[in-house]
$ cat target-v1.tsv   # TSV, C-alpha atoms
chain	number	residue	atom	x	y	z
A	24	MET	CA	0.00	0.00	0.00
A	25	ALA	CA	1.44	3.38	-1.07
A	26	LEU	CA	1.84	6.12	1.49
A	27	PRO	CA	-1.02	8.65	1.40
A	28	GLU	CA	-0.31	12.16	0.15
A	29	PHE	CA	-2.94	13.62	2.51
A	30	VAL	CA	-4.13	12.43	5.92
A	31	ARG	CA	-7.46	13.38	7.50
A	32	VAL	CA	-6.57	14.43	11.06
A	33	LYS	CA	-8.79	15.32	14.02
A	34	LEU	CA	-7.39	17.98	16.35
A	35	SER	CA	-8.51	18.53	19.93
A	36	PRO	CA	-6.99	20.46	22.86
A	37	GLU	CA	-5.66	18.28	25.67
A	38	ASP	CA	-4.53	20.29	28.69
A	39	ALA	CA	-3.32	18.11	31.55
A	40	GLY	CA	-5.84	17.97	34.37
A	41	ALA	CA	-8.31	20.27	32.62
A	42	ILE	CA	-11.75	19.61	31.18
A	43	THR	CA	-12.38	21.35	27.88
A	44	LEU	CA	-15.54	21.74	25.83
A	45	ALA	CA	-13.68	22.90	22.74
A	46	PRO	CA	-14.94	21.19	19.58
A	47	VAL	CA	-12.87	18.64	17.70
A	48	VAL	CA	-11.60	20.07	14.41
A	49	ALA	CA	-10.92	17.87	11.39
A	50	GLN	CA	-8.60	18.88	8.58
A	51	GLU	CA	-6.57	17.44	5.75
A	52	LEU	CA	-2.82	17.56	6.30
A	53	ARG	CA	-0.14	16.68	3.83
A	54	LEU	CA	1.71	13.61	5.02
A	55	ALA	CA	4.90	15.71	5.20
A	56	GLU	CA	3.14	18.16	7.57
A	57	LEU	CA	2.03	15.32	9.84
A	58	ILE	CA	5.56	13.89	9.89
A	59	ASP	CA	6.89	17.34	10.86
A	60	ILE	CA	4.50	17.39	13.85
A	61	ILE	CA	5.48	13.87	14.91
A	62	VAL	CA	9.23	14.49	14.64
A	63	GLU	CA	8.99	17.78	16.56
A	64	ALA	CA	7.20	15.96	19.38
A	65	ALA	CA	8.96	12.58	19.35
A	66	GLY	CA	12.31	13.16	17.64
A	67	LYS	CA	13.89	11.39	14.67
A	68	ASP	CA	13.32	7.79	15.71
A	69	ARG	CA	12.40	5.24	13.06
A	70	GLU	CA	10.77	2.68	15.36
A	71	ARG	CA	8.83	5.35	17.26
A	72	LEU	CA	7.59	6.91	14.02
A	73	GLY	CA	6.30	3.53	12.88
A	74	ARG	CA	4.49	2.95	16.18
A	75	ILE	CA	2.90	6.41	16.11
A	76	LEU	CA	1.70	6.09	12.52
A	77	ARG	CA	0.17	2.70	13.36
A	78	ALA	CA	-1.47	4.01	16.55
A	79	GLY	CA	-2.85	7.08	14.77
A	80	THR	CA	-2.31	9.57	17.59
A	81	ILE	CA	0.26	12.08	18.85
A	82	LEU	CA	0.17	14.81	21.49
A	83	SER	CA	2.04	17.98	20.50
A	84	SER	CA	1.95	21.37	22.26
A	85	ALA	CA	-1.26	20.52	24.17
A	86	THR	CA	-3.04	19.45	20.97
A	87	ARG	CA	-4.03	15.84	20.34
A	88	TYR	CA	-3.81	14.73	16.70
A	89	ARG	CA	-5.76	11.60	15.68
A	90	TRP	CA	-6.01	9.81	12.34
A	91	GLU	CA	-6.73	6.34	11.01
A	92	GLY	CA	-3.46	4.53	11.56
A	93	TRP	CA	-1.73	2.35	9.04
A	94	GLU	CA	1.28	0.05	8.80
A	95	VAL	CA	4.57	1.33	7.44
A	96	THR	CA	7.64	-0.60	6.39
A	97	PRO	CA	11.15	0.17	7.65
A	98	GLU	CA	12.00	1.44	4.16
A	99	GLU	CA	9.04	3.83	4.24
A	100	THR	CA	9.96	5.25	7.66
A	101	GLU	CA	13.53	5.67	6.43
A	102	ALA	CA	12.28	7.63	3.42
A	103	LEU	CA	9.95	9.80	5.55
A	104	LEU	CA	12.80	10.76	7.89
A	105	ALA	CA	15.47	11.27	5.24
A	106	ARG	CA	14.93	15.05	5.00
A	107	PHE	CA	15.47	15.61	8.74
A	108	PRO	CA	19.04	16.36	9.87
A	109	ASP	CA	20.89	14.21	12.36
A	110	PRO	CA	22.60	15.48	15.53
A	111	GLU	CA	26.25	16.44	14.97
A	112	PRO	CA	28.08	16.50	18.33
A	113	ALA	CA	31.32	17.55	16.60
A	114	ARG	CA	29.72	20.65	15.05
A	115	PRO	CA	31.37	23.75	16.58
A	116	PHE	CA	29.30	26.47	18.24
A	117	ALA	CA	28.64	29.37	15.81
A	118	ALA	CA	27.56	32.48	17.71
A	119	GLU	CA	26.75	34.36	14.49
A	120	ARG	CA	23.92	31.89	13.76
A	121	CYS	CA	22.47	31.74	17.27
A	122	VAL	CA	18.74	32.53	17.15
A	123	ALA	CA	17.68	32.12	20.79
A	124	ALA	CA	18.97	31.65	24.32
A	125	VAL	CA	16.92	29.76	26.92
A	126	PHE	CA	17.85	30.59	30.51
A	127	GLU	CA	17.18	27.98	33.19
A	128	GLU	CA	16.83	28.91	36.85
A	129	VAL	CA	17.80	26.73	39.80
A	130	SER	CA	14.09	25.94	40.27
A	131	GLY	CA	13.86	24.57	36.72
A	132	ARG	CA	11.84	27.52	35.43
A	133	ARG	CA	12.95	28.71	32.01
A	134	PHE	CA	12.63	31.86	29.95
A	135	THR	CA	13.73	32.64	26.42
A	136	ILE	CA	15.50	35.64	24.91
A	137	PRO	CA	15.22	35.46	21.09
A	138	TYR	CA	17.87	37.13	18.97
A	139	ALA	CA	15.46	39.91	17.92
A	140	VAL	CA	14.91	40.85	21.58
A	141	GLY	CA	18.48	40.46	22.79
A	142	ALA	CA	20.02	42.30	19.82
A	143	ARG	CA	17.73	45.31	20.08
A	144	ARG	CA	19.69	48.34	21.29
A	145	ARG	CA	18.28	50.77	23.80
A	146	PHE	CA	18.37	54.46	22.97
A	147	LEU	CA	21.93	55.85	23.04
A	148	ARG	CA	23.41	52.42	23.71
A	149	ARG	CA	26.28	51.45	21.40
A	150	THR	CA	26.05	47.75	22.11
A	151	ALA	CA	23.20	45.35	22.75
A	152	PHE	CA	22.74	42.71	25.43
A	153	TRP	CA	23.19	40.06	22.74
A	154	ASP	CA	26.80	41.19	22.23
A	155	ALA	CA	27.63	40.49	25.87
A	156	LEU	CA	25.69	37.21	25.81
A	157	MET	CA	27.60	35.93	22.78
A	158	ALA	CA	30.90	36.99	24.36
A	159	VAL	CA	30.06	34.82	27.38
A	160	ALA	CA	29.05	31.94	25.08
A	161	ARG	CA	32.24	32.17	23.03
A	162	ALA	CA	34.34	32.12	26.20
A	163	GLY	CA	32.46	28.93	27.12
A	164	PRO	CA	32.88	26.17	27.49
A	165	VAL	CA	29.63	25.29	25.72
A	166	ARG	CA	28.83	21.64	25.02
A	167	TYR	CA	26.68	20.13	22.31
A	168	VAL	CA	23.37	18.73	23.61
A	169	GLU	CA	21.17	17.72	20.66
A	170	TYR	CA	19.50	18.75	17.46
A	171	SER	CA	16.11	20.26	18.28
A	172	TYR	CA	13.53	19.40	15.63
A	173	LYS	CA	11.10	21.81	17.22
A	174	GLU	CA	13.52	24.75	17.02
A	175	LYS	CA	15.16	23.45	13.83
A	176	ALA	CA	18.52	24.20	15.38
A	177	ASP	CA	21.42	22.61	17.22
A	178	CYS	CA	21.34	23.09	20.99
A	179	TYR	CA	24.46	23.95	23.00
A	180	ARG	CA	24.57	24.30	26.79
A	181	LEU	CA	26.60	26.58	29.03
A	182	GLU	CA	26.77	25.93	32.78
A	183	LEU	CA	27.02	29.39	34.30
A	184	THR	CA	29.91	30.41	36.52
A	185	THR	CA	29.92	33.27	39.01
A	186	GLN	CA	31.88	35.34	36.49
A	187	ASP	CA	29.36	34.58	33.73
A	188	LEU	CA	26.51	35.71	35.97
A	189	ARG	CA	28.35	38.89	36.87
A	190	GLU	CA	28.90	39.79	33.22
A	191	LEU	CA	25.33	38.99	32.16
A	192	ARG	CA	23.78	40.93	35.02
A	193	SER	CA	26.06	43.86	34.28
A	194	ALA	CA	24.82	43.82	30.67
A	195	ALA	CA	21.12	43.38	31.58
A	196	PRO	CA	20.35	47.16	31.46
A	197	ARG	CA	21.06	47.04	27.72
A	198	LEU	CA	17.85	45.06	27.21
A	199	ALA	CA	14.98	47.14	25.84
A	200	TYR	CA	12.46	45.33	28.07
A	201	ARG	CA	12.81	46.33	31.71
A	202	THR	CA	10.89	43.40	33.18
A	203	LEU	CA	13.17	41.00	31.32
A	204	ALA	CA	16.24	42.90	32.48
A	205	ALA	CA	15.00	42.76	36.07
A	206	ARG	CA	14.43	39.01	35.87
A	207	LEU	CA	17.90	38.52	34.44
A	208	ARG	CA	19.47	40.49	37.29
A	209	GLN	CA	17.50	38.79	40.06
A	210	ALA	CA	16.83	35.19	38.99
A	211	PRO	CA	19.09	32.41	40.37
A	212	LEU	CA	20.32	31.30	36.96
A	213	LEU	CA	21.90	27.89	36.46
A	214	ARG	CA	22.55	27.41	32.75
A	215	ILE	CA	21.77	28.64	29.23
A	216	ASP	CA	20.78	26.63	26.17
A	217	PHE	CA	21.77	28.29	22.89
A	218	TYR	CA	19.94	27.38	19.68
A	219	VAL	CA	22.07	27.68	16.55
A	220	ARG	CA	20.66	27.31	13.02
A	221	ARG	CA	22.68	25.49	10.41
A	222	PRO	CA	23.70	27.32	7.23
A	223	THR	CA	21.29	26.83	4.36
$ encode --input "target-v1.tsv" --output "structure tokens"
Amino acid sequence: MALPEFVRVKLSPEDAGAITLAPVVAQELRLAELIDIIVEAAGKDRERLGRILRAGTILSSATRYRWEGWEVTPEETEALLARFPDPEPARPFAAERCVAAVFEEVSGRRFTIPYAVGARRRFLRRTAFWDALMAVARAGPVRYVEYSYKEKADCYRLELTTQDLRELRSAAPRLAYRTLAARLRQAPLLRIDFYVRRPT
């Protein structure tokens, strides 16, 4: 049986511990779109992809996707995943292609500073917060973590030292958003994950 070009999918919200009366929405997705959703949620795993396609369900970003499942061969799963990149632990960190930094606090809470926010200069400021952030990242050491299919970028991690924290908090006033700057100065930060896009 040939792989379908389109898949009829039912979408419904699924918030943990919450009861929702939102209607179920049905729509036609290209098979490639459905595979994107599955890989973003479950990673590039051939056996897992086969199980999910057979089961006909995946939870992604609090939305449950359901369809009529079907069997796939190992060759078909290989072909479906061929366009997705593999992790490359030897790939060096490239600050010039970093698109986001995710800060993790000691409590496990996380917040993100995208490039567009971090690189925005405040009035009369010659440099942006992003410049100081990338200087800290380059000084490292950063280590390769994984390829994120959700972010479509390689993830690198920096465990923050006292000196790193001092430099980042000193640069926080360069941020255009005061509430973000205040959180950066006050939060007990533990590490940063940097997301770096590959060249096209």
$ atom_distance --input "target-v1.tsv" --atom1 "atom CA of Leu198 of chain A" --atom2 "atom CA of Ala142 of chain A"
8.2 Å
$ atom_distance --input "target-v1.tsv" --atom1 "atom CA of Ser84 of chain A" --atom2 "atom CA of Val48 of chain A"
15.7 Å
$ atom_distance --input "target-v1.tsv" --atom1 "atom CA of Arg161 of chain A" --atom2 "atom CA of Val129 of chain A"
22.8 Å
$ residues_around --input "target-v1.tsv" --residues "Trp153 of chain A" --least-positions-apart "4" --cutoff "9 Å" --atoms "all atoms listed in the file" --output "MDAnalysis selection string"
chainID A and resid 138 140:143 157:158 194 197:198
$ residues_around --input "target-v1.tsv" --residues "Glu28 of chain A" --least-positions-apart "5" --cutoff "10 Å" --atoms "all atoms listed in the file" --output "PyMOL selection string"
chain A and resi 51-55
$ residues_around --input "target-v1.tsv" --residues "Glu63 of chain A" --least-positions-apart "4" --cutoff "7 Å" --atoms "all atoms listed in the file" --output "ChimeraX atom specification"
/A:59,172-173
$ residues_near_point --input "target-v1.tsv" --point "(-11.8, 21.6, 14.9)" --cutoff "12 Å" --atoms "only C-alpha atoms" --output "PDB file with C-alpha atoms, in the frame of the given file"
ATOM      1  CA  ARG A  31      -7.460  13.380   7.500  1.00  0.00           C
ATOM      2  CA  VAL A  32      -6.570  14.430  11.060  1.00  0.00           C
ATOM      3  CA  LYS A  33      -8.790  15.320  14.020  1.00  0.00           C
ATOM      4  CA  LEU A  34      -7.390  17.980  16.350  1.00  0.00           C
ATOM      5  CA  SER A  35      -8.510  18.530  19.930  1.00  0.00           C
ATOM      6  CA  PRO A  36      -6.990  20.460  22.860  1.00  0.00           C
ATOM      7  CA  LEU A  44     -15.540  21.740  25.830  1.00  0.00           C
ATOM      8  CA  ALA A  45     -13.680  22.900  22.740  1.00  0.00           C
ATOM      9  CA  PRO A  46     -14.940  21.190  19.580  1.00  0.00           C
ATOM     10  CA  VAL A  47     -12.870  18.640  17.700  1.00  0.00           C
ATOM     11  CA  VAL A  48     -11.600  20.070  14.410  1.00  0.00           C
ATOM     12  CA  ALA A  49     -10.920  17.870  11.390  1.00  0.00           C
ATOM     13  CA  GLN A  50      -8.600  18.880   8.580  1.00  0.00           C
ATOM     14  CA  GLU A  51      -6.570  17.440   5.750  1.00  0.00           C
ATOM     15  CA  THR A  86      -3.040  19.450  20.970  1.00  0.00           C
ATOM     16  CA  ARG A  87      -4.030  15.840  20.340  1.00  0.00           C
ATOM     17  CA  TYR A  88      -3.810  14.730  16.700  1.00  0.00           C
ATOM     18  CA  ARG A  89      -5.760  11.600  15.680  1.00  0.00           C
TER      19      ARG A  89
END
$ closest_residue --input "target-v1.tsv" --among "A:Pro115, A:Pro110, A:Pro211, A:Pro97" --to "Thr185 of chain A" --atoms "all atoms listed in the file"
A:Pro211
$ closest_residue --input "target-v1.tsv" --among "A:Cys178, A:Ser130, A:Ala118, A:Ala25" --to "Trp93 of chain A" --atoms "all atoms listed in the file"
A:Ala25
$ closest_residue --input "target-v1.tsv" --among "A:Leu104, A:Val168, A:Ala65, A:Ala124" --to "Leu156 of chain A" --atoms "only C-alpha atoms"
A:Ala124
$ closest_residue --input "target-v1.tsv" --among "A:Phe152, A:Tyr170, A:Trp90, A:Phe217" --to "Tyr200 of chain A" --atoms "all atoms listed in the file"
A:Phe152
$ closest_residue --input "target-v1.tsv" --among "A:Ala151, A:Gly73, A:Ala199, A:Leu26" --to "Thr100 of chain A" --atoms "only C-alpha atoms"
A:Gly73
$ closest_residue --input "target-v1.tsv" --among "A:Arg166, A:Lys175, A:Ala155, A:Ala105" --to "Ser193 of chain A" --atoms "all atoms listed in the file"
A:Ala155
$ residues_around --input "target-v1.tsv" --residues "Glu128 of chain A" --least-positions-apart "2" --cutoff "8 Å" --atoms "only C-alpha atoms" --output "tab-separated table (two decimals) with C-alpha atoms, in the coordinates of the input"
chain	number	residue	atom	x	y	z
A	126	PHE	CA	17.85	30.59	30.51
A	130	SER	CA	14.09	25.94	40.27
A	131	GLY	CA	13.86	24.57	36.72
A	132	ARG	CA	11.84	27.52	35.43
A	133	ARG	CA	12.95	28.71	32.01
A	210	ALA	CA	16.83	35.19	38.99
A	211	PRO	CA	19.09	32.41	40.37
A	212	LEU	CA	20.32	31.30	36.96
A	213	LEU	CA	21.90	27.89	36.46
A	214	ARG	CA	22.55	27.41	32.75
$ residues_around --input "target-v1.tsv" --residues "segment 218-220 of chain A" --least-positions-apart "4" --cutoff "7 Å" --atoms "only C-alpha atoms" --output "PyMOL selection string"
chain A and resi 117+120-124+175-179
$ decode --input "target-v1.tsv" --residues "segment 44-57 of chain A" --atoms "N, CA and C atoms" --output "mmCIF file, in the first residue's frame"
data_model
loop_
_atom_site.group_PDB
_atom_site.id
_atom_site.type_symbol
_atom_site.label_atom_id
_atom_site.label_comp_id
_atom_site.auth_asym_id
_atom_site.auth_seq_id
_atom_site.Cartn_x
_atom_site.Cartn_y
_atom_site.Cartn_z
ATOM 1 N N LEU A 44 -14.368 21.957 26.671
ATOM 2 C CA LEU A 44 -15.545 21.740 25.825
ATOM 3 C C LEU A 44 -15.278 22.190 24.404
ATOM 4 N N ALA A 45 -14.033 22.458 24.084
ATOM 5 C CA ALA A 45 -13.682 22.902 22.740
ATOM 6 C C ALA A 45 -14.009 21.817 21.727
ATOM 7 N N PRO A 46 -14.568 22.202 20.573
ATOM 8 C CA PRO A 46 -14.936 21.190 19.576
ATOM 9 C C PRO A 46 -13.714 20.557 18.933
ATOM 10 N N VAL A 47 -13.906 19.330 18.455
ATOM 11 C CA VAL A 47 -12.870 18.644 17.703
ATOM 12 C C VAL A 47 -12.890 19.186 16.276
ATOM 13 N N VAL A 48 -11.723 19.517 15.759
ATOM 14 C CA VAL A 48 -11.603 20.066 14.411
ATOM 15 C C VAL A 48 -10.946 19.026 13.525
ATOM 16 N N ALA A 49 -11.508 18.811 12.341
ATOM 17 C CA ALA A 49 -10.921 17.872 11.389
ATOM 18 C C ALA A 49 -10.355 18.652 10.208
ATOM 19 N N GLN A 50 -9.188 18.227 9.738
ATOM 20 C CA GLN A 50 -8.601 18.876 8.577
ATOM 21 C C GLN A 50 -7.700 17.905 7.832
ATOM 22 N N GLU A 51 -7.461 18.244 6.580
ATOM 23 C CA GLU A 51 -6.569 17.445 5.752
ATOM 24 C C GLU A 51 -5.158 18.009 5.867
ATOM 25 N N LEU A 52 -4.219 17.163 6.250
ATOM 26 C CA LEU A 52 -2.817 17.557 6.304
ATOM 27 C C LEU A 52 -2.038 16.773 5.265
ATOM 28 N N ARG A 53 -1.085 17.429 4.655
ATOM 29 C CA ARG A 53 -0.142 16.683 3.834
ATOM 30 C C ARG A 53 0.619 15.722 4.748
ATOM 31 N N LEU A 54 0.977 14.573 4.219
ATOM 32 C CA LEU A 54 1.714 13.609 5.020
ATOM 33 C C LEU A 54 3.001 14.243 5.562
ATOM 34 N N ALA A 55 3.665 15.063 4.756
ATOM 35 C CA ALA A 55 4.905 15.713 5.203
ATOM 36 C C ALA A 55 4.648 16.623 6.407
ATOM 37 N N GLU A 56 3.482 17.298 6.431
ATOM 38 C CA GLU A 56 3.144 18.160 7.571
ATOM 39 C C GLU A 56 2.936 17.329 8.833
ATOM 40 N N LEU A 57 2.259 16.194 8.693
ATOM 41 C CA LEU A 57 2.032 15.324 9.841
ATOM 42 C C LEU A 57 3.362 14.769 10.363
#
